[in-house]
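Structure data (mmCIF, C-alpha atoms (C1' of nucleotides)) from final25.cif:
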```cif
data_protein
loop_
_atom_site.group_PDB
_atom_site.id
_atom_site.type_symbol
_atom_site.label_atom_id
_atom_site.label_comp_id
_atom_site.auth_asym_id
_atom_site.auth_seq_id
_atom_site.Cartn_x
_atom_site.Cartn_y
_atom_site.Cartn_z
ATOM 1 C CA MET B 1 144.381 184.271 127.042
ATOM 2 C CA ILE B 2 140.991 185.597 126.048
ATOM 3 C CA SER B 3 140.002 189.158 125.387
ATOM 4 C CA LEU B 4 136.558 190.694 125.486
ATOM 5 C CA ASN B 5 135.280 193.349 123.167
ATOM 6 C CA TYR B 6 132.611 195.411 124.847
ATOM 7 C CA ARG B 7 131.864 197.252 121.632
ATOM 8 C CA ASP B 8 130.850 193.966 120.097
ATOM 9 C CA SER B 9 127.105 193.472 120.015
ATOM 10 C CA ARG B 10 127.483 189.807 120.769
ATOM 11 C CA PRO B 11 126.979 188.752 124.377
ATOM 12 C CA ILE B 12 130.040 188.144 126.519
ATOM 13 C CA TYR B 13 129.369 184.465 127.020
ATOM 14 C CA GLU B 14 129.383 183.999 123.231
ATOM 15 C CA GLN B 15 132.712 185.740 122.912
ATOM 16 C CA ILE B 16 134.120 183.493 125.592
ATOM 17 C CA LYS B 17 132.748 180.414 123.895
ATOM 18 C CA ASP B 18 134.333 181.418 120.603
ATOM 19 C CA GLY B 19 137.607 182.305 122.261
ATOM 20 C CA LEU B 20 137.936 179.026 124.079
ATOM 21 C CA ARG B 21 136.742 176.999 121.110
ATOM 22 C CA LYS B 22 139.387 178.624 118.991
ATOM 23 C CA LEU B 23 142.102 177.852 121.538
ATOM 24 C CA ILE B 24 141.004 174.247 121.517
ATOM 25 C CA VAL B 25 140.722 173.661 117.779
ATOM 26 C CA THR B 26 144.059 175.353 117.167
ATOM 27 C CA GLY B 27 145.672 173.105 119.718
ATOM 28 C CA ALA B 28 146.646 175.945 122.002
ATOM 29 C CA ILE B 29 144.772 173.950 124.603
ATOM 30 C CA GLY B 30 145.586 170.302 124.103
ATOM 31 C CA THR B 31 143.497 167.218 124.663
ATOM 32 C CA ASP B 32 142.533 166.725 128.301
ATOM 33 C CA GLU B 33 144.357 169.880 129.192
ATOM 34 C CA LYS B 34 142.783 171.839 131.995
ATOM 35 C CA LEU B 35 140.980 175.050 131.284
ATOM 36 C CA PRO B 36 141.043 177.942 133.719
ATOM 37 C CA SER B 37 138.562 177.425 136.505
ATOM 38 C CA VAL B 38 135.227 179.173 136.366
ATOM 39 C CA ARG B 39 136.114 181.504 139.185
ATOM 40 C CA SER B 40 139.662 182.288 138.124
ATOM 41 C CA LEU B 41 138.652 183.158 134.574
ATOM 42 C CA ALA B 42 135.845 185.288 135.925
ATOM 43 C CA THR B 43 138.298 187.180 138.092
ATOM 44 C CA GLN B 44 140.782 187.495 135.272
ATOM 45 C CA LEU B 45 138.177 188.968 132.916
ATOM 46 C CA SER B 46 136.491 190.976 135.648
ATOM 47 C CA ILE B 47 133.093 189.475 135.022
ATOM 48 C CA ASN B 48 130.634 187.372 136.945
ATOM 49 C CA PRO B 49 131.367 183.649 137.411
ATOM 50 C CA ASN B 50 127.855 182.835 136.247
ATOM 51 C CA THR B 51 128.693 184.197 132.826
ATOM 52 C CA ILE B 52 131.720 181.937 132.581
ATOM 53 C CA GLN B 53 129.635 179.073 133.793
ATOM 54 C CA ARG B 54 127.169 179.599 131.002
ATOM 55 C CA ALA B 55 129.922 179.575 128.402
ATOM 56 C CA TYR B 56 131.463 176.402 129.822
ATOM 57 C CA ASN B 57 128.113 174.734 130.068
ATOM 58 C CA GLU B 58 127.277 175.387 126.430
ATOM 59 C CA LEU B 59 130.735 174.392 125.255
ATOM 60 C CA GLU B 60 130.229 171.116 127.036
ATOM 61 C CA GLY B 61 126.916 170.763 125.252
ATOM 62 C CA GLU B 62 128.734 171.179 121.966
ATOM 63 C CA GLY B 63 131.233 168.544 122.934
ATOM 64 C CA TYR B 64 134.340 170.710 123.063
ATOM 65 C CA ILE B 65 134.981 170.399 126.768
ATOM 66 C CA TYR B 66 134.010 168.124 129.618
ATOM 67 C CA SER B 67 133.774 169.039 133.257
ATOM 68 C CA VAL B 68 134.451 167.048 136.374
ATOM 69 C CA PRO B 69 132.966 168.473 139.560
ATOM 70 C CA GLY B 70 135.686 169.141 142.051
ATOM 71 C CA LYS B 71 138.451 168.808 139.500
ATOM 72 C CA GLY B 72 137.907 171.209 136.673
ATOM 73 C CA SER B 73 137.034 171.542 132.990
ATOM 74 C CA PHE B 74 139.108 169.986 130.238
ATOM 75 C CA ALA B 75 139.388 170.038 126.484
ATOM 76 C CA THR B 76 137.778 167.115 124.730
ATOM 77 C CA GLY B 77 140.058 165.098 122.535
ATOM 78 C CA ASP B 78 137.571 163.982 119.923
ATOM 79 C CA PRO B 79 134.431 166.070 119.761
ATOM 80 C CA GLY B 80 133.702 164.529 116.386
ATOM 81 C CA ALA B 81 131.036 162.374 117.874
ATOM 82 C CA ASP B 82 128.355 164.995 117.510
ATOM 83 C CA GLU B 83 127.434 164.877 113.880
ATOM 84 C CA SER B 84 125.130 167.863 114.233
ATOM 85 C CA ARG B 85 127.814 170.393 114.961
ATOM 86 C CA ARG B 86 129.789 169.263 111.944
ATOM 87 C CA ARG B 87 126.800 169.604 109.661
ATOM 88 C CA GLU B 88 126.114 173.033 111.025
ATOM 89 C CA LEU B 89 129.646 174.247 110.409
ATOM 90 C CA TRP B 90 129.702 172.668 107.001
ATOM 91 C CA GLU B 91 126.576 174.477 105.942
ATOM 92 C CA LYS B 92 127.782 177.755 107.346
ATOM 93 C CA THR B 93 131.065 177.420 105.542
ATOM 94 C CA ARG B 94 129.301 176.771 102.256
ATOM 95 C CA GLU B 95 127.276 179.910 102.663
ATOM 96 C CA LEU B 96 130.291 182.013 103.528
ATOM 97 C CA MET B 97 132.141 180.813 100.487
ATOM 98 C CA ALA B 98 129.159 181.527 98.274
ATOM 99 C CA GLU B 99 129.133 185.041 99.634
ATOM 100 C CA LEU B 100 132.853 185.431 99.079
ATOM 101 C CA ARG B 101 132.364 184.429 95.476
ATOM 102 C CA TYR B 102 129.612 186.999 95.184
ATOM 103 C CA LEU B 103 132.037 189.587 96.514
ATOM 104 C CA GLY B 104 134.391 188.822 93.683
ATOM 105 C CA VAL B 105 136.779 186.327 95.219
ATOM 106 C CA SER B 106 137.865 183.901 92.531
ATOM 107 C CA GLN B 107 137.858 180.140 92.721
ATOM 108 C CA GLU B 108 141.639 180.145 92.782
ATOM 109 C CA GLU B 109 141.780 182.479 95.707
ATOM 110 C CA LEU B 110 139.358 180.349 97.645
ATOM 111 C CA MET B 111 141.659 177.409 97.175
ATOM 112 C CA ALA B 112 144.212 179.289 99.229
ATOM 113 C CA LEU B 113 141.938 178.702 102.192
ATOM 114 C CA LEU B 114 142.592 175.000 101.896
ATOM 115 C CA GLU B 115 146.314 175.158 101.531
ATOM 116 C CA GLU B 116 147.563 177.597 104.097
ATOM 117 C CA PRO B 117 145.852 176.923 107.388
ATOM 118 C CA SER B 118 147.093 180.163 108.863
ATOM 119 C CA GLY B 119 147.625 183.541 107.193
ATOM 120 C CA GLY B 120 146.505 184.987 103.913
ATOM 121 C CA THR B 121 144.111 187.631 102.654
ATOM 122 C CA PRO B 122 141.625 187.751 99.798
ATOM 123 C CA ALA B 123 144.632 188.922 97.848
ATOM 124 C CA GLY B 124 144.086 190.487 94.440
ATOM 125 C CA ASP B 125 141.979 193.508 95.172
ATOM 126 C CA ARG B 126 140.256 194.247 91.986
ATOM 127 C CA LYS B 127 140.519 197.753 90.627
ATOM 128 C CA GLU B 128 137.872 200.196 91.676
ATOM 129 C CA GLU B 129 134.698 200.538 89.734
ATOM 130 C CA THR B 130 132.751 203.724 90.306
ATOM 131 C CA ARG B 131 129.138 202.988 90.910
ATOM 132 C CA MET D 1 110.615 184.209 101.240
ATOM 133 C CA ILE D 2 112.157 184.523 104.678
ATOM 134 C CA SER D 3 111.424 182.538 107.778
ATOM 135 C CA LEU D 4 112.069 183.460 111.377
ATOM 136 C CA ASN D 5 113.155 181.093 114.071
ATOM 137 C CA TYR D 6 112.016 182.290 117.432
ATOM 138 C CA ARG D 7 113.985 179.573 119.189
ATOM 139 C CA ASP D 8 117.150 181.064 117.772
ATOM 140 C CA SER D 9 118.987 183.216 120.280
ATOM 141 C CA ARG D 10 119.983 185.654 117.583
ATOM 142 C CA PRO D 11 117.877 188.788 117.285
ATOM 143 C CA ILE D 12 115.219 188.928 114.598
ATOM 144 C CA TYR D 13 116.852 191.738 112.681
ATOM 145 C CA GLU D 14 119.986 189.615 112.323
ATOM 146 C CA GLN D 15 118.019 186.697 110.980
ATOM 147 C CA ILE D 16 116.389 188.981 108.464
ATOM 148 C CA LYS D 17 119.733 190.398 107.414
ATOM 149 C CA ASP D 18 121.129 186.925 106.874
ATOM 150 C CA GLY D 19 118.045 185.783 105.034
ATOM 151 C CA LEU D 20 118.030 188.677 102.627
ATOM 152 C CA ARG D 21 121.783 188.586 102.142
ATOM 153 C CA LYS D 22 121.525 184.961 101.247
ATOM 154 C CA LEU D 23 118.784 185.630 98.721
ATOM 155 C CA ILE D 24 120.973 188.272 97.155
ATOM 156 C CA VAL D 25 124.245 186.377 96.948
ATOM 157 C CA THR D 26 122.512 183.311 95.570
ATOM 158 C CA GLY D 27 120.932 185.411 92.878
ATOM 159 C CA ALA D 28 117.406 184.725 94.029
ATOM 160 C CA ILE D 29 117.131 188.484 94.136
ATOM 161 C CA GLY D 30 118.889 189.880 91.092
ATOM 162 C CA THR D 31 120.788 193.092 90.623
ATOM 163 C CA ASP D 32 118.619 196.172 91.035
ATOM 164 C CA GLU D 33 115.662 193.972 91.771
ATOM 165 C CA LYS D 34 113.243 195.407 94.268
ATOM 166 C CA LEU D 35 113.055 193.986 97.749
ATOM 167 C CA PRO D 36 109.789 193.813 99.646
ATOM 168 C CA SER D 37 108.910 197.134 101.168
ATOM 169 C CA VAL D 38 109.604 197.737 104.818
ATOM 170 C CA ARG D 39 105.953 197.694 105.714
ATOM 171 C CA SER D 40 104.928 194.761 103.588
ATOM 172 C CA LEU D 41 107.685 192.534 104.903
ATOM 173 C CA ALA D 42 106.825 193.568 108.426
ATOM 174 C CA THR D 43 103.223 192.576 107.858
ATOM 175 C CA GLN D 44 104.217 189.344 106.186
ATOM 176 C CA LEU D 45 106.444 188.324 109.102
ATOM 177 C CA SER D 46 104.088 189.732 111.717
ATOM 178 C CA ILE D 47 106.712 191.944 113.255
ATOM 179 C CA ASN D 48 107.244 195.651 113.712
ATOM 180 C CA PRO D 49 108.319 197.749 110.703
ATOM 181 C CA ASN D 50 111.094 199.299 112.774
ATOM 182 C CA THR D 51 112.749 195.916 113.046
ATOM 183 C CA ILE D 52 112.726 195.531 109.271
ATOM 184 C CA GLN D 53 114.012 199.046 108.933
ATOM 185 C CA ARG D 54 116.966 198.220 111.110
ATOM 186 C CA ALA D 55 117.830 195.187 109.018
ATOM 187 C CA TYR D 56 117.572 197.143 105.765
ATOM 188 C CA ASN D 57 119.586 200.000 107.159
ATOM 189 C CA GLU D 58 122.441 197.735 108.184
ATOM 190 C CA LEU D 59 122.341 195.805 104.939
ATOM 191 C CA GLU D 60 122.725 199.103 103.137
ATOM 192 C CA GLY D 61 125.673 199.886 105.363
ATOM 193 C CA GLU D 62 127.249 196.620 104.281
ATOM 194 C CA GLY D 63 126.682 197.481 100.659
ATOM 195 C CA TYR D 64 124.254 194.714 99.780
ATOM 196 C CA ILE D 65 121.266 196.917 99.105
ATOM 197 C CA TYR D 66 120.534 200.524 98.358
ATOM 198 C CA SER D 67 117.388 202.424 99.186
ATOM 199 C CA VAL D 68 115.606 205.213 97.367
ATOM 200 C CA PRO D 69 113.091 207.149 99.456
ATOM 201 C CA GLY D 70 109.687 206.959 97.859
ATOM 202 C CA LYS D 71 110.641 204.115 95.561
ATOM 203 C CA GLY D 72 111.972 201.203 97.542
ATOM 204 C CA SER D 73 115.033 199.147 98.383
ATOM 205 C CA PHE D 74 117.015 197.252 95.773
ATOM 206 C CA ALA D 75 119.787 194.701 95.583
ATOM 207 C CA THR D 76 123.205 196.126 94.841
ATOM 208 C CA GLY D 77 124.930 194.703 91.827
ATOM 209 C CA ASP D 78 128.515 194.968 92.938
ATOM 210 C CA PRO D 79 129.017 195.268 96.658
ATOM 211 C CA GLY D 80 132.653 194.334 96.209
ATOM 212 C CA ALA D 81 133.766 197.860 96.884
ATOM 213 C CA ASP D 82 133.842 197.400 100.630
ATOM 214 C CA GLU D 83 137.068 195.597 101.292
ATOM 215 C CA SER D 84 136.311 195.256 104.978
ATOM 216 C CA ARG D 85 133.396 192.899 104.595
ATOM 217 C CA ARG D 86 135.456 190.643 102.375
ATOM 218 C CA ARG D 87 138.270 190.469 104.887
ATOM 219 C CA GLU D 88 135.803 189.692 107.619
ATOM 220 C CA LEU D 89 134.225 186.821 105.720
ATOM 221 C CA TRP D 90 137.592 185.523 104.681
ATOM 222 C CA GLU D 91 138.791 185.353 108.236
ATOM 223 C CA LYS D 92 135.595 183.761 109.441
ATOM 224 C CA THR D 93 135.775 181.139 106.717
ATOM 225 C CA ARG D 94 139.343 180.272 107.656
ATOM 226 C CA GLU D 95 138.323 179.717 111.238
ATOM 227 C CA LEU D 96 135.358 177.569 110.303
ATOM 228 C CA MET D 97 137.490 175.375 108.121
ATOM 229 C CA ALA D 98 140.066 174.994 110.873
ATOM 230 C CA GLU D 99 137.298 173.877 113.153
ATOM 231 C CA LEU D 100 135.957 171.447 110.576
ATOM 232 C CA ARG D 101 139.390 169.923 110.324
ATOM 233 C CA TYR D 102 139.478 169.583 114.074
ATOM 234 C CA LEU D 103 136.160 167.779 113.878
ATOM 235 C CA GLY D 104 137.707 165.233 111.598
ATOM 236 C CA VAL D 105 136.812 166.502 108.151
ATOM 237 C CA SER D 106 139.634 165.657 105.791
ATOM 238 C CA GLN D 107 141.372 167.961 103.383
ATOM 239 C CA GLU D 108 139.781 166.125 100.485
ATOM 240 C CA GLU D 109 136.322 166.574 101.856
ATOM 241 C CA LEU D 110 136.901 170.270 102.316
ATOM 242 C CA MET D 111 137.754 170.534 98.667
ATOM 243 C CA ALA D 112 134.226 169.489 97.888
ATOM 244 C CA LEU D 113 133.187 172.859 99.235
ATOM 245 C CA LEU D 114 134.980 174.496 96.356
ATOM 246 C CA GLU D 115 133.654 172.325 93.596
ATOM 247 C CA GLU D 116 129.971 171.959 94.221
ATOM 248 C CA PRO D 117 128.532 175.323 95.108
ATOM 249 C CA SER D 118 125.281 173.785 96.258
ATOM 250 C CA GLY D 119 124.643 170.483 98.008
ATOM 251 C CA GLY D 120 126.866 168.056 99.802
ATOM 252 C CA THR D 121 127.499 166.916 103.336
ATOM 253 C CA PRO D 122 130.653 166.204 105.334
ATOM 254 C CA ALA D 123 130.278 162.796 103.776
ATOM 255 C CA GLY D 124 132.254 159.917 105.242
ATOM 256 C CA ASP D 125 131.027 159.734 108.778
ATOM 257 C CA ARG D 126 133.758 158.031 110.611
ATOM 258 C CA LYS D 127 132.857 155.022 112.662
ATOM 259 C CA GLU D 128 131.751 155.609 116.196
ATOM 260 C CA GLU D 129 134.267 155.670 118.940
ATOM 261 C CA THR D 130 132.924 155.146 122.416
ATOM 262 C CA ARG D 131 134.316 157.732 124.725
ATOM 263 C "C1'" DT H 1 141.032 166.669 159.069
ATOM 264 C "C1'" DT H 2 140.993 171.252 157.877
ATOM 265 C "C1'" DA H 3 141.501 174.651 154.248
ATOM 266 C "C1'" DA H 4 141.332 175.933 149.675
ATOM 267 C "C1'" DC H 5 140.262 174.669 145.682
ATOM 268 C "C1'" DT H 6 136.867 172.649 141.944
ATOM 269 C "C1'" DG H 7 131.913 172.386 139.218
ATOM 270 C "C1'" DT H 8 127.109 173.082 139.846
ATOM 271 C "C1'" DA H 9 122.622 175.051 141.313
ATOM 272 C "C1'" DT H 10 119.266 178.595 142.796
ATOM 273 C "C1'" DT H 11 116.857 182.872 143.382
ATOM 274 C "C1'" DA H 12 116.704 187.631 142.920
ATOM 275 C "C1'" DA H 13 117.866 191.970 141.250
ATOM 276 C "C1'" DG H 14 119.866 195.033 137.854
ATOM 277 C "C1'" DA H 15 121.432 196.547 133.323
ATOM 278 C "C1'" DA H 16 121.440 196.282 128.490
ATOM 279 C "C1'" DA H 17 119.525 195.156 124.122
ATOM 280 C "C1'" DA H 18 115.791 194.180 121.151
ATOM 281 C "C1'" DT H 19 111.139 194.898 119.858
ATOM 282 C "C1'" DT H 20 106.942 197.239 119.627
ATOM 283 C "C1'" DA H 21 103.928 201.267 119.339
ATOM 284 C "C1'" DA H 22 102.388 205.471 117.465
ATOM 285 C "C1'" DC H 23 103.333 208.816 114.992
ATOM 286 C "C1'" DA H 24 105.271 212.291 111.465
ATOM 287 C "C1'" DC H 25 107.474 214.039 107.061
ATOM 288 C "C1'" DA H 26 108.759 213.934 102.265
ATOM 289 C "C1'" DG H 27 109.298 211.709 97.797
ATOM 290 C "C1'" DT H 28 107.021 208.595 94.021
ATOM 291 C "C1'" DA H 29 103.514 206.618 91.235
ATOM 292 C "C1'" DT H 30 98.831 205.867 89.442
ATOM 293 C "C1'" DA S 1 94.165 212.888 95.622
ATOM 294 C "C1'" DT S 2 95.326 208.417 97.189
ATOM 295 C "C1'" DA S 3 98.343 205.039 98.315
ATOM 296 C "C1'" DC S 4 102.359 203.685 98.181
ATOM 297 C "C1'" DT S 5 107.672 204.250 99.349
ATOM 298 C "C1'" DG S 6 111.941 205.167 102.827
ATOM 299 C "C1'" DT S 7 113.169 207.627 106.888
ATOM 300 C "C1'" DG S 8 113.069 209.686 111.591
ATOM 301 C "C1'" DT S 9 111.653 210.255 116.432
ATOM 302 C "C1'" DT S 10 110.208 209.330 121.114
ATOM 303 C "C1'" DA S 11 108.493 206.305 124.504
ATOM 304 C "C1'" DA S 12 107.036 202.094 126.468
ATOM 305 C "C1'" DT S 13 107.419 197.261 126.673
ATOM 306 C "C1'" DT S 14 109.588 192.892 126.455
ATOM 307 C "C1'" DT S 15 113.379 189.954 126.295
ATOM 308 C "C1'" DT S 16 117.992 188.783 127.133
ATOM 309 C "C1'" DC S 17 122.175 189.224 129.398
ATOM 310 C "C1'" DT S 18 124.778 190.056 133.509
ATOM 311 C "C1'" DT S 19 125.461 190.488 138.204
ATOM 312 C "C1'" DA S 20 124.881 189.364 143.129
ATOM 313 C "C1'" DA S 21 124.802 186.441 146.983
ATOM 314 C "C1'" DT S 22 124.607 182.131 148.497
ATOM 315 C "C1'" DA S 23 124.777 177.083 149.017
ATOM 316 C "C1'" DC S 24 126.207 172.155 148.356
ATOM 317 C "C1'" DA S 25 129.274 168.413 147.234
ATOM 318 C "C1'" DG S 26 133.507 166.473 145.349
ATOM 319 C "C1'" DT S 27 138.844 167.040 145.097
ATOM 320 C "C1'" DT S 28 143.398 168.075 146.640
ATOM 321 C "C1'" DA S 29 147.146 169.153 149.435
ATOM 322 C "C1'" DA S 30 148.915 170.636 153.914
#
```
Entire entry expressed as structure tokens:
Amino acid sequence: MISLNYRDSRPIYEQIKDGLRKLIVTGAIGTDEKLPSVRSLATQLSINPNTIQRAYNELEGEGYIYSVPGKGSFATGDPGADESRRRELWEKTRELMAELRYLGVSQEELMALLEEPSGGTPAGDRKEETR
Amino acid sequence: MISLNYRDSRPIYEQIKDGLRKLIVTGAIGTDEKLPSVRSLATQLSINPNTIQRAYNELEGEGYIYSVPGKGSFATGDPGADESRRRELWEKTRELMAELRYLGVSQEELMALLEEPSGGTPAGDRKEETR
DNA sequence: TTAACTGTATTAAGAAAATTAACACAGTAT
DNA sequence: ATACTGTGTTAATTTTCTTAATACAGTTAA
């Protein structure tokens, strides 16, 4: 369900946050669907429950999941309430696209990002220039 | 020129990398223009030169700057040679946009990201739903 | 009701990563 | 020469992340 990359410099709890968030926004985990319990996921990934707990706690802070003591943690249906997160992502996306343009990706290519929600690559690799 | 946020969980050298990269891709630092020296930037930000060195070293690895011992570090004109970085950004952008959609940003709004390279906000804030 | 789950909290220790410190060497420019 | 520049090294320090070992209370099913 989620895989950890120990060569990655980013902390484990961040990788878990990203992994779960991705599962949620892609619909792999539906609204109000139950997430693996803190302890079970910890066992499954062979890490400490506290690390999972931290990830869950922060995801709840971001509005992506909600937790009910005794029952479990579940995916939030509409996290759109928190304006801040949306602004943050919006800004980050703008910056990434600016950088892509700087790297030679054309306006037309960028439009592909809007159309096909899944696959795709920066496509037309420009011919090599020797520096 | 660059500001550090000590409340940010991300390491300083990462913040510096992002800051400089942004200055470069936005053109604030032009092609072959000299960046602040390792020592001067360290003094300016009140941090250790080694931390700056690490940021510069990694930025060079990513192709955004090049360094000449004795002279200084300069912005690369065409970093487009490294296909990997472009793929990475492309993928990351796709994911961000998927998440924005999940947060309720419409297809039309996303298009605004393509047209106006600078300002803008997620615009139409949908009316509040009480959860 | 007992047993096995759930989330949450706390305190301490350990491990890993980031940052600082103090140098040194060689190339460049004035 | 003097003062810059990037680069390299080693060690200590600080910060962050991760683990460990519990505990408590609510939930669920046998």
Exactly which residues make up the result of the PyMOL selection byres ((chain S and resi 26) around 10) on this file, given as a VMD selection string?
-> (chain B and resid 68 to 71) or (chain H and resid 6 to 7) or (chain S and resid 24 to 25 27)
Would you export the selected residues with C-alpha atoms (C1' of nucleotides) as a PDB file, in the frame of the given file, please?
```
ATOM      1  CA  VAL B  68     134.451 167.048 136.374  1.00  0.00           C
ATOM      2  CA  PRO B  69     132.966 168.473 139.560  1.00  0.00           C
ATOM      3  CA  GLY B  70     135.686 169.141 142.051  1.00  0.00           C
ATOM      4  CA  LYS B  71     138.451 168.808 139.500  1.00  0.00           C
TER       5      LYS B  71
ATOM      6  C1'  DT H   6     136.867 172.649 141.944  1.00  0.00           C
ATOM      7  C1'  DG H   7     131.913 172.386 139.218  1.00  0.00           C
TER       8       DG H   7
ATOM      9  C1'  DC S  24     126.207 172.155 148.356  1.00  0.00           C
ATOM     10  C1'  DA S  25     129.274 168.413 147.234  1.00  0.00           C
ATOM     11  C1'  DT S  27     138.844 167.040 145.097  1.00  0.00           C
TER      12       DT S  27
END
```
Proximity of chain H to chain B: per-residue shortest pair, 12 Å limit, all atoms listed in the file, as CSV:
```
residue,atom,partner,partner_atom,distance
H:DA4,C1',B:Gly70,CA,11.7
H:DC5,C1',B:Gly70,CA,8.0
H:DT6,C1',B:Gly70,CA,3.7
H:DG7,C1',B:Pro69,CA,4.1
H:DT8,C1',B:Pro69,CA,7.5
H:DA9,C1',B:Asn50,CA,10.7
H:DT10,C1',B:Asn50,CA,11.6
H:DA16,C1',B:Pro11,CA,10.2
H:DA17,C1',B:Ser9,CA,8.8
H:DA18,C1',B:Ser9,CA,11.4
```
Between chain B and chain D, at 6 Å or less, what are the per-residue closest atom pairs and their distances in Å? Count all atoms listed in the file, order by chain and rising residue number, and return it as JSON lines.
```
{"residue": "B:Val25", "atom": "CA", "partner": "D:Tyr102", "partner_atom": "CA", "distance": 5.6}
{"residue": "B:Gly80", "atom": "CA", "partner": "D:Leu103", "partner_atom": "CA", "distance": 4.8}
{"residue": "B:Glu99", "atom": "CA", "partner": "D:Val25", "partner_atom": "CA", "distance": 5.7}
{"residue": "B:Tyr102", "atom": "CA", "partner": "D:Val25", "partner_atom": "CA", "distance": 5.7}
{"residue": "B:Leu103", "atom": "CA", "partner": "D:Gly80", "partner_atom": "CA", "distance": 4.8}
```
Contacts between chain D and chain S, please, where a residue of chain S counts if it comes within 9 Å (with all atoms listed in the file); show its shortest atom pair and distance in Å to one decimal, rows by chain and ascending number, as a Markdown table.
```
| residue | atom | partner | partner_atom | distance |
| --- | --- | --- | --- | --- |
| S:DC4 | C1' | D:Gly70 | CA | 8.0 |
| S:DT5 | C1' | D:Gly70 | CA | 3.7 |
| S:DG6 | C1' | D:Pro69 | CA | 4.1 |
| S:DT7 | C1' | D:Pro69 | CA | 7.4 |
| S:DT16 | C1' | D:Ser9 | CA | 8.9 |
```
Mind giving me the straight-line distance from atom CA of B:Glu62 to atom CA of D:Lys17 in Å, one decimal?
->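 Atom-to-atom, atom CA of B:Glu62 to atom CA of D:Lys17, that is 25.7 Å.
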So that I can see what lies close to S:DA21, please list as a tab-separated table (two decimals) with C-alpha atoms (C1' of nucleotides), keeping the file's coordinate frame the residues with an atom at most 12 Å from it, counting only C-alpha atoms (C1' of nucleotides) and leaving out residues fewer than 6 positions away in the same chain.
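Wrote it out as selection_5.tsv, contents follow:
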```
chain	number	residue	atom	x	y	z
B	48	ASN	CA	130.63	187.37	136.94
B	49	PRO	CA	131.37	183.65	137.41
B	50	ASN	CA	127.86	182.84	136.25
H	10	DT	C1'	119.27	178.60	142.80
H	11	DT	C1'	116.86	182.87	143.38
H	12	DA	C1'	116.70	187.63	142.92
H	13	DA	C1'	117.87	191.97	141.25
```
Around the point (110.3, 208.7, 120.9), in the coordinates given by the file, pick out the residues reaching within 10 Å, counting only C-alpha atoms (C1' of nucleotides), and return them as a list in words.
-> DA21, DA22 and DC23 of chain H; DG8, DT9, DT10, DA11 and DA12 of chain S
Would you work out the distance separating atom CA of B:Ser3 from atom CA of B:Leu20, expressed in Å to one decimal?
->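 About the pair atom CA of B:Ser3 and atom CA of B:Leu20: they are 10.4 Å apart.
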Measure the distance from atom C1' of H:DT30 to atom CA of D:Ile65 in Å and round it to one decimal.
->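 We find that atom C1' of H:DT30 and atom CA of D:Ile65 lie 26.0 Å from each other.
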Residues near B:Phe74, cut-off 6 Å, all atoms listed in the file, skip fewer than 4 positions along chain, as a ChimeraX atom specification = /B:32-35,65-66
Take the PyMOL selection byres ((chain B and resi 45) around 12), apply it to the structure above, and return the hits as a list in words.
-> Met1, Ile2, Ser3, Leu4, Asn5, Tyr6, Ile12, Tyr13, Gln15, Ile16, Pro36, Val38, Arg39, Ser40, Leu41, Ala42, Thr43, Gln44, Ser46, Ile47, Asn48, Pro49, Thr51 and Ile52 of chain B
Return as a PyMOL selection string the set of residues that the PyMOL selection byres ((chain S and resi 30) around 10) yields on the displayed structure.
-> (chain H and resi 2-3) or (chain S and resi 28-29)
